Protein chains: 2
Amino acid sequence: MTWEHGRCSGLTLRPTTAEDRDAVLAILLPILATGETYALPRDMTDDEAWHYWFTLAEGCWVAEQEGTVVGCYYLRSNARGGGDHVCNCGYIVAPEARGQGVAATLCQHSLKQARSHGFRAMQFNCVVSTNEGAVRLWQRHGFDIVGRLPGAFHHPGHGYVDALVMYQDLQAP
Amino acid sequence: MTWEHGRCSGLTLRPTTAEDRDAVLAILLPILATGETYALPRDMTDDEAWHYWFTLAEGCWVAEQEGTVVGCYYLRSNARGGGDHVCNCGYIVAPEARGQGVAATLCQHSLKQARSHGFRAMQFNCVVSTNEGAVRLWQRHGFDIVGRLPGAFHHPGHGYVDALVMYQDLQAP
């Protein structure tokens, strides 16, 4: 694996398939179990988590390092009807692959995919304010904090903390 | 029907039942068909609309005037896991009953119900900014605009317009 400009150049992104289920769930379920970053049940079953992450997605991609799945993201509409031009994504990275630019690579890829799917904007509905690394990462990738929801997330360690609504116009030059 | 302080005192609120389906859909489907206020498909089928409005609800109430259903709201969690203390509501009023305080009565009732269900806050995720009457009504009932989503709603008449995130802490004295 080689590095260029702080990015992991040995990372390969490809569409997620049903055969990735175990590898994706092995990353996703422990993240949900912490209850620190996703507004989803901490005890989601394998089936529920896979349905949420993969089945409901309009696009789902895994990042591989030397044949091992180290991250994944989903892409889907954030709303229906008059809101269906705005998409939403979720990202996960395996603990052993953190700090290597994997999330940044997933985010960049997802923004390109969103544009190619014809979405005009991307929205994150509930970014937990204590997840400061994620907030900074999304800001570096063009997202603005457009809303703050007071006490909208119950963090297992910090109690009721604010959640942020983050948004990016994909049509901006 | 009598009036007190601009409120319709002849209004009765009761839990929605499966027998209200036709009456509720007769109000809901034309509102969805306009595509002006809800981020839902304009051509939702009866089954889809009832599922969204009634089946998924944790509470659903109709307002009756002289035995006729003139409005309805649903109440449910807005998110899961660490976000499940925040609820969401949707409100509909029949065209012939508008301007009579029905929406205000529904909103007041829903706030009480939300508190009695133990919710700590209420959030509206996508209030269409051109729906100025609704925005003012929610503000009069304690909601703040906590976010603005640029161009997040495609209005059939006005094109891409902003959507507002509105929020109310239910624990405030």
# chains A, B, ... in the order shown; residues from 1 in each chain; ligands from 1
>>> select_by_dssp(residues="chain A", states="alpha helix (DSSP H)", output="PyMOL selection string")
chain A and resi 21-34+46-50+102-116+132-140
>>> select_by_dssp(residues="region 13-141 of chain B", states="strand (DSSP E or B)", output="MDAnalysis selection string")
chainID B and resid 13:15 59:65 68:77 86:93 121:128
>>> closest_residue(among="B:Gly147, B:Gly133, B:Gly118, B:Gly59", to="Met166 (chain B)", atoms="only C-alpha atoms")
B:Gly147
>>> interface_residues(of="chain A", to="chain B", cutoff="8 Å", atoms="only C-alpha atoms", output="PyMOL selection string")
chain A and resi 35-36+38-42+79-86+121+146-150+152-155+165+167+169
>>> residues_around(residues="Leu13 (chain A)", least_positions_apart="6", cutoff="12 Å", atoms="only C-alpha atoms", output="ChimeraX atom specification")
/A:60-73,102-103,105-110,113
>>> closest_residue(among="B:Leu170, B:Leu29, B:Leu137, B:Ile92", to="Asp47 (chain B)", atoms="only C-alpha atoms")
B:Leu29
>>> atom_distance(atom1="CA of Gly90 (chain A)", atom2="CA of Trp138 (chain A)")
11.7 Å
>>> residues_around(residues="Arg76 (chain B)", least_positions_apart="5", cutoff="8 Å", atoms="only C-alpha atoms", output="list in words")
Leu56, Ala57, Glu58, Gly59, Cys87, Asn88 and Cys89 of chain B
>>> write_last_selection(atoms="N, CA and C atoms", output="PDB file, in the first residue's frame")
ATOM      1  N   LEU B  56     -47.850   3.861  10.232  1.00  0.00           N
ATOM      2  CA  LEU B  56     -46.538   4.154  10.806  1.00  0.00           C
ATOM      3  C   LEU B  56     -46.610   5.054  12.035  1.00  0.00           C
ATOM      4  N   ALA B  57     -47.778   5.627  12.305  1.00  0.00           N
ATOM      5  CA  ALA B  57     -47.902   6.603  13.389  1.00  0.00           C
ATOM      6  C   ALA B  57     -47.889   5.927  14.754  1.00  0.00           C
ATOM      7  N   GLU B  58     -47.359   6.655  15.747  1.00  0.00           N
ATOM      8  CA  GLU B  58     -47.487   6.197  17.130  1.00  0.00           C
ATOM      9  C   GLU B  58     -48.761   6.752  17.740  1.00  0.00           C
ATOM     10  N   GLY B  59     -49.245   7.844  17.175  1.00  0.00           N
ATOM     11  CA  GLY B  59     -50.535   8.406  17.547  1.00  0.00           C
ATOM     12  C   GLY B  59     -51.127   9.084  16.330  1.00  0.00           C
ATOM     13  N   CYS B  87     -39.883  13.827  18.350  1.00  0.00           N
ATOM     14  CA  CYS B  87     -41.000  13.341  17.536  1.00  0.00           C
ATOM     15  C   CYS B  87     -41.228  14.244  16.337  1.00  0.00           C
ATOM     16  N   ASN B  88     -42.068  13.755  15.466  1.00  0.00           N
ATOM     17  CA  ASN B  88     -42.459  14.465  14.247  1.00  0.00           C
ATOM     18  C   ASN B  88     -43.970  14.353  14.105  1.00  0.00           C
ATOM     19  N   CYS B  89     -44.590  15.393  13.575  1.00  0.00           N
ATOM     20  CA  CYS B  89     -46.028  15.350  13.291  1.00  0.00           C
ATOM     21  C   CYS B  89     -46.290  15.843  11.886  1.00  0.00           C
TER      22      CYS B  89
END
>>> closest_residue(among="B:His117, B:Leu111, B:Gly142, B:Ala134", to="Gly99 (chain B)", atoms="only C-alpha atoms")
B:Ala134
>>> decode(residues="region 79-100 of chain A", atoms="N, CA, C and O atoms", output="PDB file, in the first residue's frame")
ATOM      1  N   ALA A  79     -35.471  12.376   0.697  1.00  0.00           N
ATOM      2  CA  ALA A  79     -36.912  12.586   0.838  1.00  0.00           C
ATOM      3  C   ALA A  79     -37.563  12.175  -0.478  1.00  0.00           C
ATOM      4  O   ALA A  79     -36.874  11.817  -1.438  1.00  0.00           O
ATOM      5  N   ARG A  80     -38.869  12.250  -0.507  1.00  0.00           N
ATOM      6  CA  ARG A  80     -39.594  11.843  -1.715  1.00  0.00           C
ATOM      7  C   ARG A  80     -40.285  13.066  -2.324  1.00  0.00           C
ATOM      8  O   ARG A  80     -40.171  14.177  -1.835  1.00  0.00           O
ATOM      9  N   GLY A  81     -40.998  12.837  -3.388  1.00  0.00           N
ATOM     10  CA  GLY A  81     -41.765  13.913  -4.006  1.00  0.00           C
ATOM     11  C   GLY A  81     -40.878  15.111  -4.311  1.00  0.00           C
ATOM     12  O   GLY A  81     -39.810  14.976  -4.918  1.00  0.00           O
ATOM     13  N   GLY A  82     -41.312  16.282  -3.869  1.00  0.00           N
ATOM     14  CA  GLY A  82     -40.577  17.515  -4.131  1.00  0.00           C
ATOM     15  C   GLY A  82     -39.217  17.577  -3.468  1.00  0.00           C
ATOM     16  O   GLY A  82     -38.459  18.529  -3.690  1.00  0.00           O
ATOM     17  N   GLY A  83     -38.861  16.563  -2.674  1.00  0.00           N
ATOM     18  CA  GLY A  83     -37.561  16.536  -2.011  1.00  0.00           C
ATOM     19  C   GLY A  83     -36.631  15.475  -2.562  1.00  0.00           C
ATOM     20  O   GLY A  83     -35.540  15.258  -2.014  1.00  0.00           O
ATOM     21  N   ASP A  84     -37.016  14.835  -3.678  1.00  0.00           N
ATOM     22  CA  ASP A  84     -36.245  13.664  -4.107  1.00  0.00           C
ATOM     23  C   ASP A  84     -34.999  13.996  -4.922  1.00  0.00           C
ATOM     24  O   ASP A  84     -34.339  13.092  -5.423  1.00  0.00           O
ATOM     25  N   HIS A  85     -34.685  15.278  -5.058  1.00  0.00           N
ATOM     26  CA  HIS A  85     -33.425  15.671  -5.718  1.00  0.00           C
ATOM     27  C   HIS A  85     -32.311  15.871  -4.687  1.00  0.00           C
ATOM     28  O   HIS A  85     -31.191  16.226  -5.041  1.00  0.00           O
ATOM     29  N   VAL A  86     -32.627  15.652  -3.419  1.00  0.00           N
ATOM     30  CA  VAL A  86     -31.625  15.752  -2.354  1.00  0.00           C
ATOM     31  C   VAL A  86     -31.313  14.342  -1.867  1.00  0.00           C
ATOM     32  O   VAL A  86     -32.236  13.569  -1.581  1.00  0.00           O
ATOM     33  N   CYS A  87     -30.034  14.019  -1.807  1.00  0.00           N
ATOM     34  CA  CYS A  87     -29.666  12.664  -1.387  1.00  0.00           C
ATOM     35  C   CYS A  87     -29.060  12.687   0.015  1.00  0.00           C
ATOM     36  O   CYS A  87     -28.793  13.737   0.601  1.00  0.00           O
ATOM     37  N   ASN A  88     -28.900  11.497   0.535  1.00  0.00           N
ATOM     38  CA  ASN A  88     -28.313  11.284   1.853  1.00  0.00           C
ATOM     39  C   ASN A  88     -27.316  10.140   1.734  1.00  0.00           C
ATOM     40  O   ASN A  88     -27.502   9.229   0.933  1.00  0.00           O
ATOM     41  N   CYS A  89     -26.236  10.221   2.501  1.00  0.00           N
ATOM     42  CA  CYS A  89     -25.260   9.129   2.536  1.00  0.00           C
ATOM     43  C   CYS A  89     -24.929   8.792   3.982  1.00  0.00           C
ATOM     44  O   CYS A  89     -25.078   9.618   4.879  1.00  0.00           O
ATOM     45  N   GLY A  90     -24.480   7.567   4.188  1.00  0.00           N
ATOM     46  CA  GLY A  90     -23.923   7.149   5.461  1.00  0.00           C
ATOM     47  C   GLY A  90     -22.606   6.456   5.186  1.00  0.00           C
ATOM     48  O   GLY A  90     -22.465   5.781   4.155  1.00  0.00           O
ATOM     49  N   TYR A  91     -21.637   6.625   6.087  1.00  0.00           N
ATOM     50  CA  TYR A  91     -20.280   6.114   5.874  1.00  0.00           C
ATOM     51  C   TYR A  91     -19.820   5.336   7.097  1.00  0.00           C
ATOM     52  O   TYR A  91     -20.089   5.747   8.233  1.00  0.00           O
ATOM     53  N   ILE A  92     -19.114   4.251   6.863  1.00  0.00           N
ATOM     54  CA  ILE A  92     -18.486   3.517   7.960  1.00  0.00           C
ATOM     55  C   ILE A  92     -17.067   3.127   7.557  1.00  0.00           C
ATOM     56  O   ILE A  92     -16.799   2.842   6.382  1.00  0.00           O
ATOM     57  N   VAL A  93     -16.180   3.136   8.545  1.00  0.00           N
ATOM     58  CA  VAL A  93     -14.787   2.735   8.319  1.00  0.00           C
ATOM     59  C   VAL A  93     -14.397   1.785   9.437  1.00  0.00           C
ATOM     60  O   VAL A  93     -14.710   2.029  10.616  1.00  0.00           O
ATOM     61  N   ALA A  94     -13.720   0.716   9.091  1.00  0.00           N
ATOM     62  CA  ALA A  94     -13.256  -0.255  10.091  1.00  0.00           C
ATOM     63  C   ALA A  94     -12.247   0.409  11.029  1.00  0.00           C
ATOM     64  O   ALA A  94     -11.432   1.223  10.592  1.00  0.00           O
ATOM     65  N   PRO A  95     -12.282   0.062  12.322  1.00  0.00           N
ATOM     66  CA  PRO A  95     -11.374   0.712  13.297  1.00  0.00           C
ATOM     67  C   PRO A  95      -9.911   0.642  12.884  1.00  0.00           C
ATOM     68  O   PRO A  95      -9.173   1.627  13.015  1.00  0.00           O
ATOM     69  N   GLU A  96      -9.490  -0.496  12.349  1.00  0.00           N
ATOM     70  CA  GLU A  96      -8.073  -0.665  12.028  1.00  0.00           C
ATOM     71  C   GLU A  96      -7.648   0.161  10.812  1.00  0.00           C
ATOM     72  O   GLU A  96      -6.456   0.294  10.544  1.00  0.00           O
ATOM     73  N   ALA A  97      -8.628   0.732  10.090  1.00  0.00           N
ATOM     74  CA  ALA A  97      -8.298   1.514   8.892  1.00  0.00           C
ATOM     75  C   ALA A  97      -8.527   3.008   9.098  1.00  0.00           C
ATOM     76  O   ALA A  97      -8.429   3.785   8.157  1.00  0.00           O
ATOM     77  N   ARG A  98      -8.818   3.414  10.328  1.00  0.00           N
ATOM     78  CA  ARG A  98      -9.109   4.835  10.549  1.00  0.00           C
ATOM     79  C   ARG A  98      -7.845   5.679  10.524  1.00  0.00           C
ATOM     80  O   ARG A  98      -6.748   5.172  10.719  1.00  0.00           O
ATOM     81  N   GLY A  99      -8.029   6.977  10.243  1.00  0.00           N
ATOM     82  CA  GLY A  99      -6.885   7.886  10.204  1.00  0.00           C
ATOM     83  C   GLY A  99      -6.049   7.751   8.950  1.00  0.00           C
ATOM     84  O   GLY A  99      -4.932   8.241   8.881  1.00  0.00           O
ATOM     85  N   GLN A 100      -6.585   7.085   7.946  1.00  0.00           N
ATOM     86  CA  GLN A 100      -5.808   6.860   6.715  1.00  0.00           C
ATOM     87  C   GLN A 100      -6.459   7.505   5.497  1.00  0.00           C
ATOM     88  O   GLN A 100      -6.092   7.228   4.368  1.00  0.00           O
TER      89      GLN A 100
END
